[in-house]
Amino acid sequence: MLALLVAALVSGGALQDAATARAESLMAVGRAHFVRPVIGRYAALEAFRAAARLAPRDPEPLYWQMKVGFYLGSDEGDALAREAILRIFALEPDYEDVWERFQTLYRSPGIWRRAERALARHPDDPVALERRGELLLALDEPARADSLLAVAMARRPATVATYLRRAEASFLAGRDPAGYAWHDSAVARANADSTGALWDEAWIIASPEETARHAATAPGERRRFFEWFWARRDPNLVTPENERLGEQYRRRAEARRMYRLLHPQRMVYRSSMARALASADARAQLDSLALQTPEVIPGGVSTPGAAASRVATVDLRTLQDAALPVAYRAGFDARGLVFLRHGPPDLRVACIPDPRRPFALPDCSSSLDAEGWLYQTPDGPLTVSFSWRGEYFAPVSRGQVRTTEALLHSDRTALPAPLVLRGWSAFFKSAELGRTDVYFQSAPDTAAAVLWDMTGDETVRVHGPGLLTLTVPPGEYEYGFDADSNGVVGRLRGRVIVPAFSAVDLGLSSLALAPAAALLDREATLRGMPADLAYPANTPLAAYVEVYGLTTDRDGRSRYRVRYSFAPLPSGLGRLLGRGRPVVLEFGRDVAASRTAERLVIQPDQLPAGRYRVTVAVTDLRRNVKSESAALDITIR
């Protein structure tokens with residue numbers, strides 16, 4: 001009996017060796033067929049399938065089946081590649097580039113579920129656990145995803161990608177504090193990350209300038225880059241959190257549900273010739289539209305030649321050639337690219353390519369055929385048009401080509417900031433050499449201000465109630481100023497030039513005015529200066545302005561003339577009646593310095609109620625040179 005058992009084992013081993021040898025032979029035959037013209041791919045596929053039957057635990061025959069599927073393309077090839085990949089996942093969760101290839105195929109919730117079940121065959125493998133977590137995020141199961149990612153982190157040291165997945169899971173599960181913490185952990189490790197995980201989530205909303213800056217960023221500067229990248233998008237500087245992070249993760253989840261690129265390989269299969277033909281078809285449609293309804297193409301006319309000339313610069317092919325590779329890389333259709341950057345549109349209409357000009361496309365029945373989006377922006381309304389299930393941009397005018405490009409090069413938060421900010425800024429020479437003191441004030445109790453230099457680096461950030469003070473080198477800056485009044489946010493973004501004040505050239509600081517009956521110093525005047533620049537009537541005003549660069553004599557004394565002008569800002573009736581004579585107060589001064597604080601108390605009877613534009617002019621009497629402050633518009637009521 002024992003002899004029979006030994007003989008059976010020997011025979012089984014021989015059969016296994018023969019099967020392995022046969023499988024290897026079939027693999028060699030398949031690879032030979034694979035390099036032949038198109039017809040050879042089907043012969044190769046049969047050889048690889050036979051090899052897989054003989055070696056069911058070996059992922060290599062399945063990998064080559066996948067390669068055949070990618071070569072064949074179309075829906076057939078897509079299905080072949082996908083089925084082979086799902087079988088590979090069940091055998092080995094991290095084989096070659098299979099996971100990356102999987103991202104480029106048609107995927108649906110059902111396919112994600114099958115992939116997750118295949119990877120679940122490896123319950124202790126950290127790679128399988130992380131990829132299951134990513135699939136569960138796509139399936140909108142963030143709690144399960146986070147639990148698997150936690151187990152993966154216990155199995156091996158966490159990567160930046162793991163931290164980002166846990167941040168995403170936390171934000172999608174409504175646990176924002178944990179999301180911020182996990183994202184901070186990822187950014188803190190950016191310098192040591194060679195996988196580019198942080199850029200993988202950021203590039204889709206980056207501007208061309210940010211993309212160029214990232215490309216030039218040295219590995220040791222990556223953390224600084226990503227801190228800057230996200231800080232510039234913080235929609236509420238008053239809070240310690242950057243709400244834009246949670247918004248972007250939730251926006252991406254919505255885009256994944258609504259605007260996922262269902263057939264990414266279609267982008268690959270479409271040759272440049274196919275794209276050119278599609279562009280020609282679209283241009284023919286534009287020509288027809290220009291003839292039928294001139295208002296669709298601005299300046300449209302009624303003759304074929306003239307109509308064609310009006311749309312000649314609507315370069316659809318260039319736009320598509322630029323956008324389609326981005327869509328393929330991101331895995332979203334054209335609508336998704338815009339949605340990720342700008343969120344939901346303010347207006348969405350089916351079959352109307354430009355919502356500003358409500359003309360419906362002929363032979364269009366739903367948004368599956370075409371739709372137009374409109375965004376209200378500080379620069380006015382921007383519209384973008386899509387066709388063929390939203391996969392392609394379909395601008396109908398030169399203006400829409402420009403606005404589409406603008407939308408693809410910018411991004412914005414959709415978090416509301418309805419509070420109308422009333423405030424002012426002021427500039428004074430700092431006690432620190434070569435620096436300027438900058439003051440911000442707004443009506444709400446709590447505010448925050450940030451200045452970024454023109455390279456994008458954050459120069460200074462302040463936060464708190466009342467008057468905010470910053471000290472920076474002179475120059476041009478981008479600024480952010482946010483205020484919070486009982487949970488209602490106001491937001492300002494723009495550019496400011498911080499002036500330089502010379503020690504030898506005559507110059508004036510900003511003018512400050514506070515309701516007071518006595519002379520005040522700089523800080524007291526600024527703190528008493530109302531944010532809305534509205535002053536009660538029958539109240540004295542204390543004026544304060546600093547004068548720099550006065551000429552001194554041998555004794556160190558300076559002489560100057562100062563002129564205060566309160567020019568009325570009359571209503572329409574006041575202008576008709578010719579009212580508008582300014583109130584002027586002029587004085588001569590003799591001071592023992594080249595820098596001095598010019599101060600004055602204006603009595604109530606000198607300024608009746610009304611609106612005034614206030615300026616201060618100083619003339620250096622020794623050099624006969626003059627300098628004037630920036631105007632300040634105030635209201636006395």
# chains A, B, ... in the order shown; residues from 1 in each chain; ligands from 1
call {"tool": "closest_atom_pairs", "arguments": {"of": "segment 318-405 of chain A", "to": "segment 185-208 of chain A", "cutoff": "9 Å", "atoms": "only C-alpha atoms", "output": "Markdown table"}}
result
| residue | atom | partner | partner_atom | distance |
| --- | --- | --- | --- | --- |
| A:Val326 | CA | A:Ile204 | CA | 8.2 |
| A:Ala330 | CA | A:Ile204 | CA | 7.0 |
| A:Leu337 | CA | A:Ile204 | CA | 7.6 |
| A:Leu340 | CA | A:Ile205 | CA | 7.0 |
| A:Arg341 | CA | A:Ile205 | CA | 5.3 |
| A:His342 | CA | A:Ile205 | CA | 8.9 |
call {"tool": "residues_around", "arguments": {"residues": "Thr596 of chain A", "least_positions_apart": "2", "cutoff": "8 Å", "atoms": "only C-alpha atoms", "output": "PyMOL selection string"}}
result
chain A and resi 546-548+591+593-594+598
call {"tool": "residues_around", "arguments": {"residues": "segment 144-159 of chain A", "least_positions_apart": "3", "cutoff": "6 Å", "atoms": "only C-alpha atoms", "output": "JSON, numbers by chain"}}
result
{"A": [126, 129, 130, 133, 136, 141, 162, 166, 169]}
call {"tool": "residues_around", "arguments": {"residues": "Leu262 of chain A", "least_positions_apart": "2", "cutoff": "12 Å", "atoms": "only C-alpha atoms", "output": "number ranges by chain"}}
result
A: 75, 78, 103-109, 111, 256-260, 264-267, 327-328, 330-334, 336, 389-391
call {"tool": "select_by_dssp", "arguments": {"residues": "segment 454-508 of chain A", "states": "strand (DSSP E or B)", "output": "ChimeraX atom specification"}}
result
/A:458-465,468-472,475-485,488-498,507-508
call {"tool": "closest_residue", "arguments": {"among": "A:Asn236, A:Val489, A:Lys67, A:Glu96", "to": "Glu83 of chain A", "atoms": "only C-alpha atoms"}}
result
A:Lys67
call {"tool": "residues_around", "arguments": {"residues": "Ser365 of chain A", "least_positions_apart": "3", "cutoff": "8 Å", "atoms": "only C-alpha atoms", "output": "ChimeraX atom specification"}}
result
/A:351,368-369
call {"tool": "atom_distance", "arguments": {"atom1": "atom CA of Arg53 of chain A", "atom2": "atom CA of Asp124 of chain A"}}
result
27.1 Å
call {"tool": "select_by_dssp", "arguments": {"residues": "segment 49-275 of chain A", "states": "alpha helix (DSSP H)", "output": "NGL selection string"}}
result
:A and (49-54 or 59-72 or 74-91 or 98-102 or 109-119 or 126-138 or 142-155 or 160-172 or 176-188 or 197-202 or 208-215 or 222-231 or 243-258 or 265-269 or 272-275)
call {"tool": "residues_around", "arguments": {"residues": "Ala231 of chain A", "least_positions_apart": "4", "cutoff": "10 Å", "atoms": "only C-alpha atoms", "output": "list in words"}}
result
Phe225, Phe226, Glu227, Pro235, Leu237, Glu241, Asn242, Arg244, Leu245, Val450, Asp457 and Glu458 of chain A
call {"tool": "write_last_selection", "arguments": {"atoms": "all heavy atoms", "output": "mmCIF file, in the first residue's frame"}}
result
data_model
loop_
_atom_site.group_PDB
_atom_site.id
_atom_site.type_symbol
_atom_site.label_atom_id
_atom_site.label_comp_id
_atom_site.auth_asym_id
_atom_site.auth_seq_id
_atom_site.Cartn_x
_atom_site.Cartn_y
_atom_site.Cartn_z
ATOM 1 N N PHE A 225 6.102 73.338 -0.401
ATOM 2 C CA PHE A 225 5.254 73.564 -1.572
ATOM 3 C C PHE A 225 3.798 73.227 -1.258
ATOM 4 O O PHE A 225 2.887 74.018 -1.564
ATOM 5 C CB PHE A 225 5.735 72.730 -2.760
ATOM 6 C CG PHE A 225 4.787 72.744 -3.928
ATOM 7 C CD1 PHE A 225 4.829 73.764 -4.857
ATOM 8 C CD2 PHE A 225 3.817 71.751 -4.082
ATOM 9 C CE1 PHE A 225 3.931 73.802 -5.925
ATOM 10 C CE2 PHE A 225 2.924 71.774 -5.143
ATOM 11 C CZ PHE A 225 2.985 72.797 -6.068
ATOM 12 N N PHE A 226 3.552 72.059 -0.669
ATOM 13 C CA PHE A 226 2.162 71.653 -0.450
ATOM 14 C C PHE A 226 1.505 72.457 0.666
ATOM 15 O O PHE A 226 0.287 72.688 0.617
ATOM 16 C CB PHE A 226 2.089 70.148 -0.177
ATOM 17 C CG PHE A 226 2.322 69.325 -1.409
ATOM 18 C CD1 PHE A 226 3.500 68.622 -1.576
ATOM 19 C CD2 PHE A 226 1.389 69.307 -2.425
ATOM 20 C CE1 PHE A 226 3.733 67.881 -2.726
ATOM 21 C CE2 PHE A 226 1.607 68.575 -3.585
ATOM 22 C CZ PHE A 226 2.782 67.855 -3.735
ATOM 23 N N GLU A 227 2.256 72.903 1.651
ATOM 24 C CA GLU A 227 1.685 73.811 2.642
ATOM 25 C C GLU A 227 1.225 75.101 1.959
ATOM 26 O O GLU A 227 0.140 75.615 2.246
ATOM 27 C CB GLU A 227 2.729 74.109 3.726
ATOM 28 C CG GLU A 227 2.983 72.936 4.652
ATOM 29 C CD GLU A 227 4.102 73.203 5.628
ATOM 30 O OE1 GLU A 227 4.931 74.116 5.358
ATOM 31 O OE2 GLU A 227 4.184 72.495 6.649
ATOM 32 N N PRO A 235 -10.471 78.858 2.549
ATOM 33 C CA PRO A 235 -11.609 79.770 2.337
ATOM 34 C C PRO A 235 -12.010 80.565 3.570
ATOM 35 O O PRO A 235 -12.850 81.454 3.485
ATOM 36 C CB PRO A 235 -12.733 78.821 1.926
ATOM 37 C CG PRO A 235 -12.422 77.560 2.654
ATOM 38 C CD PRO A 235 -10.918 77.470 2.711
ATOM 39 N N LEU A 237 -9.793 82.155 6.689
ATOM 40 C CA LEU A 237 -8.535 82.313 7.404
ATOM 41 C C LEU A 237 -8.741 82.470 8.900
ATOM 42 O O LEU A 237 -7.785 82.356 9.672
ATOM 43 C CB LEU A 237 -7.790 83.531 6.857
ATOM 44 C CG LEU A 237 -7.440 83.474 5.364
ATOM 45 C CD1 LEU A 237 -6.914 84.827 4.890
ATOM 46 C CD2 LEU A 237 -6.430 82.375 5.090
ATOM 47 N N GLU A 241 -8.654 75.476 10.749
ATOM 48 C CA GLU A 241 -8.703 74.444 9.711
ATOM 49 C C GLU A 241 -8.768 75.062 8.325
ATOM 50 O O GLU A 241 -9.202 76.198 8.164
ATOM 51 C CB GLU A 241 -9.924 73.530 9.905
ATOM 52 C CG GLU A 241 -9.993 72.827 11.234
ATOM 53 C CD GLU A 241 -10.644 73.696 12.305
ATOM 54 O OE1 GLU A 241 -11.183 74.757 11.939
ATOM 55 O OE2 GLU A 241 -10.606 73.319 13.490
ATOM 56 N N ASN A 242 -8.362 74.285 7.343
ATOM 57 C CA ASN A 242 -8.494 74.691 5.942
ATOM 58 C C ASN A 242 -9.683 73.931 5.357
ATOM 59 O O ASN A 242 -9.546 72.781 4.919
ATOM 60 C CB ASN A 242 -7.213 74.382 5.174
ATOM 61 C CG ASN A 242 -7.255 74.868 3.736
ATOM 62 O OD1 ASN A 242 -8.315 75.194 3.207
ATOM 63 N ND2 ASN A 242 -6.111 74.914 3.089
ATOM 64 N N ARG A 244 -11.108 74.011 2.704
ATOM 65 C CA ARG A 244 -11.012 73.643 1.284
ATOM 66 C C ARG A 244 -10.631 72.179 1.114
ATOM 67 O O ARG A 244 -10.997 71.555 0.112
ATOM 68 C CB ARG A 244 -9.984 74.548 0.601
ATOM 69 C CG ARG A 244 -9.848 74.344 -0.900
ATOM 70 C CD ARG A 244 -11.078 74.881 -1.632
ATOM 71 N NE ARG A 244 -10.881 74.882 -3.061
ATOM 72 C CZ ARG A 244 -11.109 73.834 -3.858
ATOM 73 N NH1 ARG A 244 -11.568 72.706 -3.339
ATOM 74 N NH2 ARG A 244 -10.917 73.908 -5.155
ATOM 75 N N LEU A 245 -9.904 71.610 2.077
ATOM 76 C CA LEU A 245 -9.513 70.208 1.980
ATOM 77 C C LEU A 245 -10.738 69.300 1.996
ATOM 78 O O LEU A 245 -10.919 68.456 1.115
ATOM 79 C CB LEU A 245 -8.572 69.847 3.126
ATOM 80 C CG LEU A 245 -7.141 70.364 3.015
ATOM 81 C CD1 LEU A 245 -6.419 70.205 4.348
ATOM 82 C CD2 LEU A 245 -6.402 69.621 1.922
ATOM 83 N N VAL A 450 -3.557 87.517 5.774
ATOM 84 C CA VAL A 450 -2.344 86.846 5.320
ATOM 85 C C VAL A 450 -1.807 87.615 4.126
ATOM 86 O O VAL A 450 -2.578 88.082 3.273
ATOM 87 C CB VAL A 450 -2.622 85.383 4.906
ATOM 88 C CG1 VAL A 450 -1.342 84.710 4.430
ATOM 89 C CG2 VAL A 450 -3.214 84.597 6.058
ATOM 90 N N ASP A 457 5.008 82.598 -1.601
ATOM 91 C CA ASP A 457 5.326 82.208 -0.230
ATOM 92 C C ASP A 457 4.574 83.084 0.764
ATOM 93 O O ASP A 457 4.449 84.304 0.565
ATOM 94 C CB ASP A 457 6.827 82.330 0.030
ATOM 95 C CG ASP A 457 7.622 81.258 -0.693
ATOM 96 O OD1 ASP A 457 7.030 80.205 -0.998
ATOM 97 O OD2 ASP A 457 8.816 81.473 -0.954
ATOM 98 N N GLU A 458 4.100 82.465 1.827
ATOM 99 C CA GLU A 458 3.417 83.221 2.869
ATOM 100 C C GLU A 458 4.440 84.054 3.636
ATOM 101 O O GLU A 458 5.422 83.532 4.161
ATOM 102 C CB GLU A 458 2.689 82.268 3.812
ATOM 103 C CG GLU A 458 1.898 82.984 4.897
ATOM 104 C CD GLU A 458 1.127 82.025 5.776
ATOM 105 O OE1 GLU A 458 0.343 81.215 5.222
ATOM 106 O OE2 GLU A 458 1.330 82.079 7.008
#
call {"tool": "closest_residue", "arguments": {"among": "A:Phe481, A:Tyr535, A:Tyr544, A:Phe102", "to": "Ala512 of chain A", "atoms": "only C-alpha atoms"}}
result
A:Tyr544
call {"tool": "atom_distance", "arguments": {"atom1": "atom CA of Val504 of chain A", "atom2": "atom CA of Gly549 of chain A"}}
result
4.2 Å
call {"tool": "atom_distance", "arguments": {"atom1": "atom CA of Arg402 of chain A", "atom2": "atom CA of Thr383 of chain A"}}
result
9.8 Å
call {"tool": "decode", "arguments": {"residues": "segment 426-439 of chain A", "atoms": "all heavy atoms", "output": "PDB file, in the first residue's frame"}}
result
ATOM      1  N   ALA A 426      -3.991 100.536   6.441  1.00  0.00           N
ATOM      2  CA  ALA A 426      -3.149 101.715   6.624  1.00  0.00           C
ATOM      3  C   ALA A 426      -1.690 101.282   6.653  1.00  0.00           C
ATOM      4  O   ALA A 426      -1.363 100.162   7.072  1.00  0.00           O
ATOM      5  CB  ALA A 426      -3.517 102.438   7.918  1.00  0.00           C
ATOM      6  N   PHE A 427      -0.788 102.205   6.209  1.00  0.00           N
ATOM      7  CA  PHE A 427       0.635 101.891   6.089  1.00  0.00           C
ATOM      8  C   PHE A 427       1.458 102.963   6.799  1.00  0.00           C
ATOM      9  O   PHE A 427       1.236 104.164   6.592  1.00  0.00           O
ATOM     10  CB  PHE A 427       1.047 101.824   4.617  1.00  0.00           C
ATOM     11  CG  PHE A 427       0.186 100.890   3.802  1.00  0.00           C
ATOM     12  CD1 PHE A 427      -0.880 101.382   3.046  1.00  0.00           C
ATOM     13  CD2 PHE A 427       0.421  99.533   3.802  1.00  0.00           C
ATOM     14  CE1 PHE A 427      -1.676 100.535   2.298  1.00  0.00           C
ATOM     15  CE2 PHE A 427      -0.382  98.669   3.058  1.00  0.00           C
ATOM     16  CZ  PHE A 427      -1.425  99.169   2.302  1.00  0.00           C
ATOM     17  N   PHE A 428       2.425 102.517   7.597  1.00  0.00           N
ATOM     18  CA  PHE A 428       3.313 103.417   8.325  1.00  0.00           C
ATOM     19  C   PHE A 428       4.731 102.855   8.290  1.00  0.00           C
ATOM     20  O   PHE A 428       4.924 101.633   8.220  1.00  0.00           O
ATOM     21  CB  PHE A 428       2.865 103.564   9.785  1.00  0.00           C
ATOM     22  CG  PHE A 428       1.577 104.305   9.973  1.00  0.00           C
ATOM     23  CD1 PHE A 428       0.355 103.676   9.783  1.00  0.00           C
ATOM     24  CD2 PHE A 428       1.579 105.655  10.322  1.00  0.00           C
ATOM     25  CE1 PHE A 428      -0.837 104.356   9.954  1.00  0.00           C
ATOM     26  CE2 PHE A 428       0.385 106.350  10.482  1.00  0.00           C
ATOM     27  CZ  PHE A 428      -0.827 105.699  10.303  1.00  0.00           C
ATOM     28  N   LYS A 429       5.697 103.741   8.371  1.00  0.00           N
ATOM     29  CA  LYS A 429       7.097 103.323   8.435  1.00  0.00           C
ATOM     30  C   LYS A 429       7.334 102.572   9.740  1.00  0.00           C
ATOM     31  O   LYS A 429       6.909 103.000  10.814  1.00  0.00           O
ATOM     32  CB  LYS A 429       8.016 104.538   8.346  1.00  0.00           C
ATOM     33  CG  LYS A 429       9.504 104.202   8.274  1.00  0.00           C
ATOM     34  CD  LYS A 429      10.326 105.477   8.098  1.00  0.00           C
ATOM     35  CE  LYS A 429      11.825 105.190   8.068  1.00  0.00           C
ATOM     36  NZ  LYS A 429      12.185 104.358   6.902  1.00  0.00           N
ATOM     37  N   SER A 430       7.990 101.422   9.633  1.00  0.00           N
ATOM     38  CA  SER A 430       8.217 100.595  10.807  1.00  0.00           C
ATOM     39  C   SER A 430       9.480 101.027  11.547  1.00  0.00           C
ATOM     40  O   SER A 430      10.404 101.625  10.966  1.00  0.00           O
ATOM     41  CB  SER A 430       8.349  99.123  10.390  1.00  0.00           C
ATOM     42  OG  SER A 430       8.703  98.318  11.494  1.00  0.00           O
ATOM     43  N   ALA A 431       9.526 100.686  12.824  1.00  0.00           N
ATOM     44  CA  ALA A 431      10.754 100.902  13.593  1.00  0.00           C
ATOM     45  C   ALA A 431      11.854  99.952  13.139  1.00  0.00           C
ATOM     46  O   ALA A 431      13.038 100.219  13.364  1.00  0.00           O
ATOM     47  CB  ALA A 431      10.462 100.707  15.078  1.00  0.00           C
ATOM     48  N   GLU A 432      11.473  98.848  12.483  1.00  0.00           N
ATOM     49  CA  GLU A 432      12.451  97.912  11.934  1.00  0.00           C
ATOM     50  C   GLU A 432      12.954  98.454  10.597  1.00  0.00           C
ATOM     51  O   GLU A 432      12.160  98.840   9.734  1.00  0.00           O
ATOM     52  CB  GLU A 432      11.827  96.534  11.725  1.00  0.00           C
ATOM     53  CG  GLU A 432      11.379  95.852  13.006  1.00  0.00           C
ATOM     54  CD  GLU A 432      10.838  94.464  12.726  1.00  0.00           C
ATOM     55  OE1 GLU A 432      11.463  93.739  11.917  1.00  0.00           O
ATOM     56  OE2 GLU A 432       9.782  94.114  13.296  1.00  0.00           O
ATOM     57  N   LEU A 433      14.260  98.465  10.428  1.00  0.00           N
ATOM     58  CA  LEU A 433      14.860  99.031   9.230  1.00  0.00           C
ATOM     59  C   LEU A 433      14.375  98.315   7.970  1.00  0.00           C
ATOM     60  O   LEU A 433      14.374  97.089   7.893  1.00  0.00           O
ATOM     61  CB  LEU A 433      16.392  98.927   9.324  1.00  0.00           C
ATOM     62  CG  LEU A 433      17.182  99.581   8.197  1.00  0.00           C
ATOM     63  CD1 LEU A 433      16.953 101.092   8.172  1.00  0.00           C
ATOM     64  CD2 LEU A 433      18.672  99.261   8.336  1.00  0.00           C
ATOM     65  N   GLY A 434      13.948  99.106   6.970  1.00  0.00           N
ATOM     66  CA  GLY A 434      13.550  98.545   5.687  1.00  0.00           C
ATOM     67  C   GLY A 434      12.219  97.838   5.694  1.00  0.00           C
ATOM     68  O   GLY A 434      11.930  97.072   4.766  1.00  0.00           O
ATOM     69  N   ARG A 435      11.383  98.108   6.693  1.00  0.00           N
ATOM     70  CA  ARG A 435      10.091  97.436   6.761  1.00  0.00           C
ATOM     71  C   ARG A 435       8.962  98.457   6.930  1.00  0.00           C
ATOM     72  O   ARG A 435       9.196  99.603   7.305  1.00  0.00           O
ATOM     73  CB  ARG A 435      10.054  96.411   7.901  1.00  0.00           C
ATOM     74  CG  ARG A 435      10.912  95.186   7.598  1.00  0.00           C
ATOM     75  CD  ARG A 435      10.869  94.173   8.716  1.00  0.00           C
ATOM     76  NE  ARG A 435      11.535  92.950   8.292  1.00  0.00           N
ATOM     77  CZ  ARG A 435      10.910  91.846   7.900  1.00  0.00           C
ATOM     78  NH1 ARG A 435       9.595  91.810   7.875  1.00  0.00           N
ATOM     79  NH2 ARG A 435      11.592  90.772   7.529  1.00  0.00           N
ATOM     80  N   THR A 436       7.746  97.972   6.645  1.00  0.00           N
ATOM     81  CA  THR A 436       6.554  98.817   6.741  1.00  0.00           C
ATOM     82  C   THR A 436       5.542  98.128   7.641  1.00  0.00           C
ATOM     83  O   THR A 436       5.335  96.910   7.536  1.00  0.00           O
ATOM     84  CB  THR A 436       5.951  99.055   5.348  1.00  0.00           C
ATOM     85  OG1 THR A 436       6.909  99.726   4.531  1.00  0.00           O
ATOM     86  CG2 THR A 436       4.688  99.892   5.424  1.00  0.00           C
ATOM     87  N   ASP A 437       4.928  98.915   8.529  1.00  0.00           N
ATOM     88  CA  ASP A 437       3.837  98.391   9.355  1.00  0.00           C
ATOM     89  C   ASP A 437       2.532  98.510   8.579  1.00  0.00           C
ATOM     90  O   ASP A 437       2.194  99.577   8.062  1.00  0.00           O
ATOM     91  CB  ASP A 437       3.719  99.180  10.662  1.00  0.00           C
ATOM     92  CG  ASP A 437       4.908  98.960  11.585  1.00  0.00           C
ATOM     93  OD1 ASP A 437       5.551  97.909  11.478  1.00  0.00           O
ATOM     94  OD2 ASP A 437       5.191  99.861  12.411  1.00  0.00           O
ATOM     95  N   VAL A 438       1.809  97.397   8.501  1.00  0.00           N
ATOM     96  CA  VAL A 438       0.531  97.343   7.783  1.00  0.00           C
ATOM     97  C   VAL A 438      -0.569  97.053   8.799  1.00  0.00           C
ATOM     98  O   VAL A 438      -0.439  96.141   9.625  1.00  0.00           O
ATOM     99  CB  VAL A 438       0.548  96.257   6.689  1.00  0.00           C
ATOM    100  CG1 VAL A 438      -0.757  96.263   5.905  1.00  0.00           C
ATOM    101  CG2 VAL A 438       1.738  96.434   5.763  1.00  0.00           C
ATOM    102  N   TYR A 439      -1.643  97.812   8.721  1.00  0.00           N
ATOM    103  CA  TYR A 439      -2.768  97.645   9.644  1.00  0.00           C
ATOM    104  C   TYR A 439      -4.031  97.303   8.843  1.00  0.00           C
ATOM    105  O   TYR A 439      -4.283  97.881   7.783  1.00  0.00           O
ATOM    106  CB  TYR A 439      -3.018  98.926  10.444  1.00  0.00           C
ATOM    107  CG  TYR A 439      -1.864  99.319  11.340  1.00  0.00           C
ATOM    108  CD1 TYR A 439      -0.807 100.081  10.841  1.00  0.00           C
ATOM    109  CD2 TYR A 439      -1.826  98.930  12.662  1.00  0.00           C
ATOM    110  CE1 TYR A 439       0.259 100.446  11.658  1.00  0.00           C
ATOM    111  CE2 TYR A 439      -0.770  99.299  13.496  1.00  0.00           C
ATOM    112  CZ  TYR A 439       0.272 100.051  12.979  1.00  0.00           C
ATOM    113  OH  TYR A 439       1.324 100.404  13.787  1.00  0.00           O
TER     114      TYR A 439
END
